[in-house]
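Just coords_30.pdb here, PDB, C-alpha atoms:
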ATOM      1  CA  MET A 129     -15.837  22.496  73.932
ATOM      2  CA  SER A 130     -17.593  23.425  70.723
ATOM      3  CA  SER A 131     -18.679  20.851  68.210
ATOM      4  CA  SER A 132     -16.267  22.276  65.604
ATOM      5  CA  ALA A 133     -13.282  21.958  67.954
ATOM      6  CA  SER A 134     -14.282  18.381  68.778
ATOM      7  CA  ALA A 135     -14.422  17.474  65.076
ATOM      8  CA  THR A 136     -10.961  19.014  64.542
ATOM      9  CA  ASN A 137      -9.494  16.921  67.368
ATOM     10  CA  ASP A 138     -11.066  13.749  65.974
ATOM     11  CA  ALA A 139      -9.583  14.471  62.543
ATOM     12  CA  ASN A 140      -6.125  15.054  63.973
ATOM     13  CA  HIS A 141      -6.320  11.824  65.960
ATOM     14  CA  TYR A 142      -7.390   9.916  62.840
ATOM     15  CA  GLU A 143      -4.466  11.308  60.822
ATOM     16  CA  GLN A 144      -2.019  10.388  63.551
ATOM     17  CA  GLU A 145      -3.307   6.812  63.691
ATOM     18  CA  ARG A 146      -3.198   6.608  59.883
ATOM     19  CA  GLU A 147       0.442   7.711  59.779
ATOM     20  CA  LYS A 148       1.327   5.120  62.409
ATOM     21  CA  ARG A 149      -0.326   2.338  60.391
ATOM     22  CA  ILE A 150       1.507   3.387  57.211
ATOM     23  CA  GLN A 151       4.833   3.389  59.055
ATOM     24  CA  ARG A 152       4.165  -0.076  60.519
ATOM     25  CA  ASN A 153       3.305  -1.417  57.050
ATOM     26  CA  ARG A 154       6.502  -0.008  55.584
ATOM     27  CA  GLU A 155       8.569  -1.651  58.281
ATOM     28  CA  MET A 156       6.857  -4.997  57.695
ATOM     29  CA  LEU A 157       7.430  -4.787  53.927
ATOM     30  CA  GLN A 158      11.092  -4.033  54.455
ATOM     31  CA  GLN A 159      11.434  -6.987  56.799
ATOM     32  CA  LEU A 160       9.800  -9.265  54.249
ATOM     33  CA  SER A 161      11.984  -7.859  51.411
ATOM     34  CA  LEU A 162       8.867  -7.811  49.260
ATOM     35  CA  PRO A 163      10.374  -5.737  46.428
ATOM     36  CA  LYS A 164      13.212  -8.236  46.078
ATOM     37  CA  LEU A 165      10.824 -11.186  46.172
ATOM     38  CA  MET A 166       8.624  -9.592  43.516
ATOM     39  CA  GLN A 167      11.635  -8.988  41.290
ATOM     40  CA  GLU A 168      12.810 -12.570  41.670
ATOM     41  CA  ALA A 169       9.314 -13.894  40.927
ATOM     42  CA  MET A 170       9.125 -11.798  37.758
ATOM     43  CA  GLN A 171      12.509 -13.101  36.609
ATOM     44  CA  VAL A 172      11.404 -16.702  37.150
ATOM     45  CA  ALA A 173       8.137 -16.089  35.284
ATOM     46  CA  ALA A 174       9.998 -14.533  32.361
ATOM     47  CA  SER A 175      12.420 -17.456  32.243
ATOM     48  CA  VAL A 176       9.568 -19.973  32.203
ATOM     49  CA  SER A 177       7.687 -18.133  29.455
ATOM     50  CA  VAL A 178      10.802 -18.016  27.238
ATOM     51  CA  SER A 179      11.426 -21.725  27.828
ATOM     52  CA  GLN A 180       7.833 -22.573  26.934
ATOM     53  CA  ALA A 181       7.990 -20.450  23.780
ATOM     54  CA  ARG A 182      11.123 -22.254  22.639
ATOM     55  CA  LYS A 183       9.531 -25.631  23.264
ATOM     56  CA  ARG A 184       6.471 -24.690  21.206
ATOM     57  CA  LYS A 185       8.656 -23.821  18.203
ATOM     58  CA  MET A 186      10.635 -27.059  18.212
ATOM     59  CA  PRO A 187       9.252 -30.091  16.354
ATOM     60  CA  SER A 188       8.826 -33.083  18.629
ATOM     61  CA  ALA A 189       8.535 -36.773  18.031
ATOM     62  CA  PRO A 190       5.208 -38.500  18.680
ATOM     63  CA  SER A 191       4.896 -39.571  22.311
ATOM     64  CA  ALA A 192       5.070 -43.254  21.318
ATOM     65  CA  LEU A 193       8.542 -42.703  19.842
ATOM     66  CA  ARG A 194      10.132 -40.537  22.494
ATOM     67  CA  GLY A 195      11.773 -43.443  24.281
ATOM     68  CA  GLN A 196      13.316 -44.590  21.004
ATOM     69  CA  VAL A 197      14.713 -41.245  19.874
ATOM     70  CA  PRO A 198      18.028 -40.180  21.465
ATOM     71  CA  ALA A 199      17.736 -36.804  23.127
ATOM     72  CA  ALA A 200      18.608 -34.074  20.644
ATOM     73  CA  VAL A 201      19.412 -30.456  21.228
ATOM     74  CA  ALA A 202      17.281 -27.967  19.295
ATOM     75  CA  THR A 203      19.165 -26.385  16.401
ATOM     76  CA  ARG A 204      19.428 -22.625  16.321
ATOM     77  CA  ARG A 205      18.668 -21.048  12.973
ATOM     78  CA  SER A 206      21.620 -18.923  11.915
ATOM     79  CA  GLY A 207      21.456 -16.038   9.463
ATOM     80  CA  ARG A 208      22.997 -18.276   6.812
ATOM     81  CA  ARG A 209      20.373 -20.953   7.567
ATOM     82  CA  GLN A 210      17.551 -18.436   7.124
ATOM     83  CA  ALA A 211      19.010 -17.190   3.847
ATOM     84  CA  ALA A 212      19.343 -20.781   2.611
ATOM     85  CA  LEU A 213      15.705 -21.482   3.449
ATOM     86  CA  GLU A 214      14.652 -18.487   1.382
ATOM     87  CA  ARG A 215      16.800 -19.606  -1.576
ATOM     88  CA  GLU A 216      15.343 -23.111  -1.485
ATOM     89  CA  ALA A 217      11.736 -21.950  -1.423
ATOM     90  CA  ASP A 218      12.361 -19.471  -4.239
ATOM     91  CA  GLY A 219      14.035 -22.004  -6.460
ATOM     92  CA  GLY A 220      17.676 -21.677  -5.515
ATOM     93  CA  ASP A 221      20.202 -24.134  -4.161
ATOM     94  CA  ALA A 222      18.423 -26.444  -1.728
ATOM     95  CA  SER A 223      21.470 -28.238  -0.367
ATOM     96  CA  CYS A 224      21.659 -26.145   2.801
ATOM     97  CA  ALA A 225      18.020 -25.188   3.239
ATOM     98  CA  ASP A 226      16.449 -28.613   3.058
ATOM     99  CA  GLU A 227      18.476 -30.283   5.738
ATOM    100  CA  GLY A 228      18.468 -27.434   8.210
ATOM    101  CA  GLU A 229      22.212 -26.769   8.353
ATOM    102  CA  ALA A 230      23.233 -26.350  11.971
ATOM    103  CA  GLU A 231      26.325 -24.799  13.468
ATOM    104  CA  ALA A 232      28.149 -27.107  15.862
ATOM    105  CA  SER A 233      30.501 -25.723  18.468
ATOM    106  CA  GLU A 234      34.199 -26.399  18.020
ATOM    107  CA  ALA A 235      34.110 -28.598  21.116
ATOM    108  CA  ASP A 236      31.596 -30.973  19.525
ATOM    109  CA  GLU A 237      32.955 -34.153  17.999
ATOM    110  CA  LEU A 238      30.887 -34.924  14.934
ATOM    111  CA  MET A 239      30.152 -38.533  14.099
ATOM    112  CA  SER A 240      28.006 -40.540  11.716
ATOM    113  CA  GLN A 241      24.618 -41.782  12.804
ATOM    114  CA  GLN A 242      26.001 -45.315  13.109
ATOM    115  CA  GLN A 243      28.915 -44.095  15.250
ATOM    116  CA  TYR A 244      26.562 -42.135  17.472
ATOM    117  CA  PHE A 245      24.301 -45.111  18.122
ATOM    118  CA  LYS A 246      27.315 -47.274  18.885
ATOM    119  CA  LEU A 247      28.626 -44.667  21.307
ATOM    120  CA  MET A 248      25.221 -44.568  23.025
ATOM    121  CA  GLY A 249      25.087 -48.355  23.223
ATOM    122  CA  LEU A 250      21.949 -48.453  21.073
ATOM    123  CA  GLN A 251      20.845 -50.468  18.064
ATOM    124  CA  LEU A 252      19.585 -48.730  14.938
ATOM    125  CA  PRO A 253      15.789 -49.102  14.639
ATOM    126  CA  GLU A 254      14.478 -52.147  12.858
ATOM    127  CA  GLY A 255      13.646 -51.334   9.251
ATOM    128  CA  HIS A 256      15.996 -48.341   8.984
ATOM    129  CA  PHE A 257      17.095 -47.439   5.473
ATOM    130  CA  HIS A 258      19.479 -45.167   3.584
ATOM    131  CA  THR A 259      18.716 -42.115   1.429
ATOM    132  CA  ASP A 260      20.869 -40.327  -1.113
ATOM    133  CA  GLY A 261      19.242 -37.038  -0.105
ATOM    134  CA  ASN A 262      17.030 -36.684  -3.169
ATOM    135  CA  PHE A 263      13.242 -36.671  -3.363
ATOM    136  CA  LYS A 264      12.332 -38.333  -6.670
ATOM    137  CA  GLY A 265       8.575 -37.885  -6.555
ATOM    138  CA  TRP A 266       6.178 -35.150  -7.563
ATOM    139  CA  VAL A 267       3.099 -33.526  -6.045
ATOM    140  CA  ASN A 268       0.694 -35.972  -4.381
ATOM    141  CA  ALA A 269      -1.438 -37.470  -7.179
ATOM    142  CA  ASP A 270      -4.731 -36.763  -5.380
ATOM    143  CA  VAL A 271      -3.780 -33.110  -4.913
ATOM    144  CA  CYS A 272      -2.827 -32.879  -8.584
ATOM    145  CA  CYS A 273      -6.215 -34.278  -9.561
ATOM    146  CA  ILE A 274      -8.210 -31.977  -7.270
ATOM    147  CA  TYR A 275      -6.488 -28.748  -8.315
ATOM    148  CA  GLY A 276      -5.495 -29.502 -11.889
ATOM    149  CA  ILE A 277      -1.753 -29.458 -11.221
ATOM    150  CA  ALA A 278       0.436 -30.993 -13.912
ATOM    151  CA  SER A 279       0.900 -34.711 -13.306
ATOM    152  CA  SER A 280       4.695 -34.401 -13.705
ATOM    153  CA  PRO A 281       7.211 -31.563 -14.078
ATOM    154  CA  ASN A 282       7.535 -32.480 -17.757
ATOM    155  CA  ASP A 283       3.873 -31.560 -18.244
ATOM    156  CA  LEU A 284       4.306 -27.949 -17.126
ATOM    157  CA  PRO A 285       3.518 -25.506 -19.971
ATOM    158  CA  PRO A 286       6.595 -23.679 -21.346
ATOM    159  CA  GLU A 287       5.410 -20.322 -20.042
ATOM    160  CA  GLU A 288       5.114 -21.732 -16.522
ATOM    161  CA  ILE A 289       8.610 -23.238 -16.704
ATOM    162  CA  ALA A 290       9.866 -19.806 -17.753
ATOM    163  CA  GLY A 291       8.000 -18.294 -14.822
ATOM    164  CA  LYS A 292       9.677 -20.776 -12.503
ATOM    165  CA  GLN A 293      13.101 -19.747 -13.739
ATOM    166  CA  ALA A 294      12.246 -16.090 -13.254
ATOM    167  CA  GLY A 295      11.032 -16.881  -9.750
ATOM    168  CA  LYS A 296      14.548 -17.859  -8.715
ATOM    169  CA  VAL A 297      15.364 -14.207  -8.354
ATOM    170  CA  GLY A 298      12.432 -13.715  -6.037
ATOM    171  CA  ALA A 299      11.370 -11.197  -3.461
ATOM    172  CA  LYS A 300      13.363 -11.022  -0.253
ATOM    173  CA  GLY A 301      11.975 -11.653   3.197
ATOM    174  CA  SER A 302       9.789 -14.436   4.519
ATOM    175  CA  SER A 303       6.503 -12.500   4.276
ATOM    176  CA  SER A 304       7.019 -11.425   0.663
ATOM    177  CA  ALA A 305       8.278 -14.898  -0.259
ATOM    178  CA  LYS A 306       5.168 -16.444   1.268
ATOM    179  CA  LEU A 307       2.961 -14.043  -0.683
ATOM    180  CA  LYS A 308       4.791 -14.771  -3.917
ATOM    181  CA  SER A 309       4.661 -18.541  -3.401
ATOM    182  CA  SER A 310       0.907 -18.381  -2.778
ATOM    183  CA  THR A 311       0.463 -17.690  -6.521
ATOM    184  CA  GLN A 312       2.615 -20.640  -7.646
ATOM    185  CA  LEU A 313       0.403 -23.649  -6.948
ATOM    186  CA  HIS A 314       0.375 -24.617 -10.643
ATOM    187  CA  SER A 315       3.563 -23.027 -11.954
ATOM    188  CA  TYR A 316       5.954 -23.917  -9.145
ATOM    189  CA  PRO A 317       4.330 -26.315  -6.649
ATOM    190  CA  ASN A 318       7.572 -26.940  -4.745
ATOM    191  CA  ALA A 319       7.658 -23.266  -3.718
ATOM    192  CA  TYR A 320       3.922 -23.246  -2.991
ATOM    193  CA  PHE A 321       3.873 -26.308  -0.722
ATOM    194  CA  TYR A 322       7.046 -25.229   1.045
ATOM    195  CA  ARG A 323       4.987 -22.510   2.779
ATOM    196  CA  HIS A 324       1.344 -23.482   2.167
ATOM    197  CA  VAL A 325      -0.853 -26.536   2.605
ATOM    198  CA  ALA A 326      -3.368 -27.526  -0.061
ATOM    199  CA  PRO A 327      -6.158 -24.923  -0.315
ATOM    200  CA  HIS A 328      -8.722 -27.249   1.292
ATOM    201  CA  GLU A 329      -6.494 -27.968   4.307
ATOM    202  CA  LYS A 330      -5.653 -26.108   7.495
ATOM    203  CA  GLN A 331      -2.018 -26.180   8.558
ATOM    204  CA  ALA A 332      -1.309 -28.316  11.617
ATOM    205  CA  MET A 333       0.987 -26.911  14.268
ATOM    206  CA  GLY A 334       2.891 -28.398  17.174
ATOM    207  CA  GLN A 335       3.692 -32.018  17.946
ATOM    208  CA  TRP A 336       3.512 -34.543  15.138
ATOM    209  CA  THR A 337       1.193 -37.513  15.525
ATOM    210  CA  GLN A 338       2.205 -41.160  15.212
ATOM    211  CA  GLU A 339       0.228 -41.332  11.951
ATOM    212  CA  GLU A 340       2.104 -38.337  10.523
ATOM    213  CA  HIS A 341       5.422 -39.861  11.529
ATOM    214  CA  GLU A 342       4.613 -43.149   9.838
ATOM    215  CA  LEU A 343       3.408 -41.363   6.691
ATOM    216  CA  PHE A 344       6.631 -39.343   6.613
ATOM    217  CA  VAL A 345       8.763 -42.508   6.765
ATOM    218  CA  THR A 346       6.577 -44.315   4.211
ATOM    219  CA  THR A 347       6.810 -41.393   1.783
ATOM    220  CA  ALA A 348      10.575 -41.178   2.265
ATOM    221  CA  ARG A 349      10.967 -44.907   1.656
ATOM    222  CA  LYS A 350       8.910 -44.720  -1.539
ATOM    223  CA  TYR A 351      10.236 -41.537  -3.137
ATOM    224  CA  GLY A 352      13.437 -40.684  -1.286
ATOM    225  CA  VAL A 353      13.934 -37.706   0.990
ATOM    226  CA  GLY A 354      16.289 -34.802   1.533
ATOM    227  CA  ASP A 355      15.363 -32.025  -0.883
ATOM    228  CA  SER A 356      12.326 -30.544  -2.686
ATOM    229  CA  TRP A 357      10.574 -30.280   0.655
ATOM    230  CA  GLY A 358       7.545 -28.554  -0.834
ATOM    231  CA  LEU A 359       6.812 -31.509  -3.097
ATOM    232  CA  PHE A 360       7.479 -33.913  -0.233
ATOM    233  CA  ALA A 361       5.085 -32.023   2.058
ATOM    234  CA  SER A 362       2.218 -32.397  -0.416
ATOM    235  CA  HIS A 363       2.166 -36.058   0.649
ATOM    236  CA  ILE A 364       1.812 -35.123   4.348
ATOM    237  CA  PRO A 365      -1.644 -33.535   4.833
ATOM    238  CA  GLN A 366      -1.694 -30.295   6.842
ATOM    239  CA  ARG A 367       2.106 -29.964   6.937
ATOM    240  CA  VAL A 368       4.234 -27.617   4.843
ATOM    241  CA  GLY A 369       7.735 -28.040   3.489
ATOM    242  CA  TYR A 370       9.641 -26.179   6.158
ATOM    243  CA  GLN A 371       7.904 -28.244   8.854
ATOM    244  CA  CYS A 372       8.920 -31.474   7.128
ATOM    245  CA  SER A 373      12.502 -30.234   6.748
ATOM    246  CA  ALA A 374      12.710 -29.345  10.446
ATOM    247  CA  TYR A 375      11.152 -32.667  11.485
ATOM    248  CA  TYR A 376      13.671 -34.541   9.352
ATOM    249  CA  THR A 377      16.623 -32.750  10.924
ATOM    250  CA  GLN A 378      15.468 -32.652  14.521
ATOM    251  CA  VAL A 379      13.633 -35.981  14.857
ATOM    252  CA  ILE A 380      14.153 -38.396  11.963
ATOM    253  CA  ILE A 381      17.937 -38.094  11.648
ATOM    254  CA  PRO A 382      18.629 -38.426  15.413
ATOM    255  CA  SER A 383      16.229 -41.388  15.547
ATOM    256  CA  GLY A 384      18.304 -43.377  13.041
ATOM    257  CA  GLU A 385      15.224 -44.476  11.115
ATOM    258  CA  ILE A 386      16.683 -42.939   7.947
ATOM    259  CA  LEU A 387      20.445 -42.852   7.401
ATOM    260  CA  ASP A 388      21.701 -39.826   5.503
ATOM    261  CA  THR A 389      25.480 -39.604   5.049
ATOM    262  CA  ARG A 390      25.299 -35.844   4.578
ATOM    263  CA  PHE A 391      24.521 -35.465   8.283
ATOM    264  CA  ARG A 392      26.676 -35.832  11.353
ATOM    265  CA  LEU A 393      25.569 -35.926  14.980
ATOM    266  CA  THR A 394      27.112 -34.214  17.967
ATOM    267  CA  HIS A 395      27.601 -36.048  21.258
ATOM    268  CA  THR A 396      24.323 -34.480  22.398
ATOM    269  CA  GLY A 397      22.432 -35.909  19.409
ATOM    270  CA  LYS A 398      22.070 -32.695  17.403
ATOM    271  CA  ALA A 399      22.047 -33.204  13.644
ATOM    272  CA  VAL A 400      24.516 -31.105  11.667
ATOM    273  CA  PHE A 401      24.454 -30.900   7.867
ATOM    274  CA  LYS A 402      27.937 -31.726   6.601
ATOM    275  CA  PRO A 403      27.796 -32.715   2.896
ATOM    276  CA  SER A 404      31.567 -32.350   2.608
ATOM    277  CA  ALA A 405      31.988 -35.218   5.097
ATOM    278  CA  ASN A 406      30.845 -37.791   2.506
TER     279      ASN A 406
END
Representation of the structure as structure tokens:
Amino acid sequence: MSSSASATNDANHYEQEREKRIQRNREMLQQLSLPKLMQEAMQVAASVSVSQARKRKMPSAPSALRGQVPAAVATRRSGRRQAALEREADGGDASCADEGEAEASEADELMSQQQYFKLMGLQLPEGHFHTDGNFKGWVNADVCCIYGIASSPNDLPPEEIAGKQAGKVGAKGSSSAKLKSSTQLHSYPNAYFYRHVAPHEKQAMGQWTQEEHELFVTTARKYGVGDSWGLFASHIPQRVGYQCSAYYTQVIIPSGEILDTRFRLTHTGKAVFKPSAN
């Protein structure tokens, strides 16, 4: 037999063995249902990633307080809620935006904070207090001093007050509103601090610390709480107005530390803004 014929036979034998191995592998994969397992694994991974993303977006109480705060369900931001947030930051009606109006299902029985704690067999926290829903302060005095902001709204120059009124009919959309508010540190600090921290600060994200929680409650006790979230946030370093508003709705109200009659709670502990219930 020639060397060329021998090489041809070896090649044919190799191809035959290769085809057999491929066939065996296919049969094993089918037995293991690998495609189905891979699909199921991908579905689980996607579910976990979505769950983690939702958790990152939701304000959470400091770890030291978690045992004291009744479990609350995260509020979903409706289209009306988003529009209200934009109106508040641009100078419009803040009644819906500030408190994070939430839509409760028809099956939910809404109750006051006191009724909810009674239903849960819990006592309201020691030192709890009431608010009428109004923030009566101004920009943090230290921030005013550093950046030359008027020491009270009465000290704003007439042209800046006029600019504030014009700003009520502001640009639409969160990105354009944020850009517009970035120019209003001196003329309209409530709009500025609703979306921006002081220029020398870096915005904090994620879980609030125990110190931030205590500062929030102290500020609320001193000046009131429930609207003008930009001004309120200037007293909480590294937090902006919409973060303070969300923390109030999702943590403070369910905790019972501050009693606000404009809110009701569902049986799951979700805060719902219901000013008409007063």
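Separating atom CA of Ser315 of chain A from atom CA of His363 of chain A is a distance of 18.2 Å.
Our summary of the geometry notes that atom CA of Ala348 of chain A is positioned 26.0 Å from atom CA of His395 of chain A.
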Task: Who sits within 12 Å of Cys272 of chain A, all atoms listed in the file, same chain under 3 positions skipped, as a list in words - done: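 Returned residues: Trp266, Val267, Asn268, Ala269, Tyr275, Gly276, Ile277, Ala278, Ser279, Ser280, Pro281, Asp283, Leu313, His314, Pro317, Ala326, Pro327, Leu359, Ser362 and His363 of chain A.
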- [ ] Just say which residues the PyMOL selection byres ((chain A and resi 366) around 8) picks in this file, as a ChimeraX atom specification.
- [x] /A:325-326,329-332,364-365,367-368
Please produce a file of the residues just selected, as a PDB file, keeping the file's coordinate frame, where the atoms kept are C-alpha atoms.
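Output contents, as saved in again36.pdb:
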ATOM      1  CA  VAL A 325      -0.853 -26.536   2.605  1.00  0.00           C
ATOM      2  CA  ALA A 326      -3.368 -27.526  -0.061  1.00  0.00           C
ATOM      3  CA  GLU A 329      -6.494 -27.968   4.307  1.00  0.00           C
ATOM      4  CA  LYS A 330      -5.653 -26.108   7.495  1.00  0.00           C
ATOM      5  CA  GLN A 331      -2.018 -26.180   8.558  1.00  0.00           C
ATOM      6  CA  ALA A 332      -1.309 -28.316  11.617  1.00  0.00           C
ATOM      7  CA  ILE A 364       1.812 -35.123   4.348  1.00  0.00           C
ATOM      8  CA  PRO A 365      -1.644 -33.535   4.833  1.00  0.00           C
ATOM      9  CA  ARG A 367       2.106 -29.964   6.937  1.00  0.00           C
ATOM     10  CA  VAL A 368       4.234 -27.617   4.843  1.00  0.00           C
TER      11      VAL A 368
END
Please evaluate the PyMOL selection byres ((chain A and resi 257-263) around 7) against the structure above and give the resulting residues as a short mmCIF file (atom, residue, chain, number, x, y, z; two decimals) with C-alpha atoms, in the frame of the given file.
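Output file result-v1.cif is given in full below:
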data_model
loop_
_atom_site.label_atom_id
_atom_site.label_comp_id
_atom_site.auth_asym_id
_atom_site.auth_seq_id
_atom_site.Cartn_x
_atom_site.Cartn_y
_atom_site.Cartn_z
CA GLY A 255 13.65 -51.33 9.25
CA HIS A 256 16.00 -48.34 8.98
CA LYS A 264 12.33 -38.33 -6.67
CA GLY A 265 8.57 -37.88 -6.56
CA TYR A 351 10.24 -41.54 -3.14
CA GLY A 352 13.44 -40.68 -1.29
CA VAL A 353 13.93 -37.71 0.99
CA GLY A 354 16.29 -34.80 1.53
CA ASP A 355 15.36 -32.02 -0.88
CA SER A 356 12.33 -30.54 -2.69
CA GLU A 385 15.22 -44.48 11.12
CA ILE A 386 16.68 -42.94 7.95
CA LEU A 387 20.44 -42.85 7.40
CA ASP A 388 21.70 -39.83 5.50
#
Using all atoms of segment 334-337 of chain A that appear in the file, construct an axis-aligned enclosing box with 4 Å of padding on every side and provide its centre coordinates and edge lengths in Å, rounded to one decimal, as JSON.
{"center_x": 2.4, "center_y": -33.0, "center_z": 16.5, "size_x": 10.5, "size_y": 17.1, "size_z": 10.8}
- [ ] Rounded to one decimal place, report the atom CA of Gln241 of chain A-atom CA of Pro382 of chain A distance in Å.
- [x]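 Atom-to-atom, atom CA of Gln241 of chain A and atom CA of Pro382 of chain A are spaced 7.3 Å apart.
Proximity ranking of A:Ala361, A:Pro187, A:Glu237, A:Glu145 relative to Thr377 of chain A places A:Pro187 first, based on all atoms listed in the file.
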Task: Among the residues A:Thr394, A:Ser404, A:Gln378, A:Gln335, the one that comes closest to Phe245 of chain A [using only C-alpha atoms] - done: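 Closest to Phe245 of chain A, using only C-alpha atoms: A:Thr394.
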Open item on the list: Here is a test: counting all atoms listed in the file, which residue of A:Ile380, A:Thr389, A:Ile274, A:Lys398 is nearest to Glu342 of chain A?
Closed with: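 The shortest atom-to-atom distance to Glu342 of chain A comes from A:Ile380.
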TODO: Let me know the residues the PyMOL selection byres ((chain A and resi 319) around 7) catches in the file above, as a PyMOL selection string.
DONE: chain A and resi 217-218+309+312+316-318+320-322+358
Task: Pick from A:Thr337, A:Gln251, A:Gln242, A:Ser304, whichever lies nearest to Ile381 of chain A using only C-alpha atoms - done: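 Of the candidates, the smallest distance to Ile381 of chain A is held by A:Gln242.
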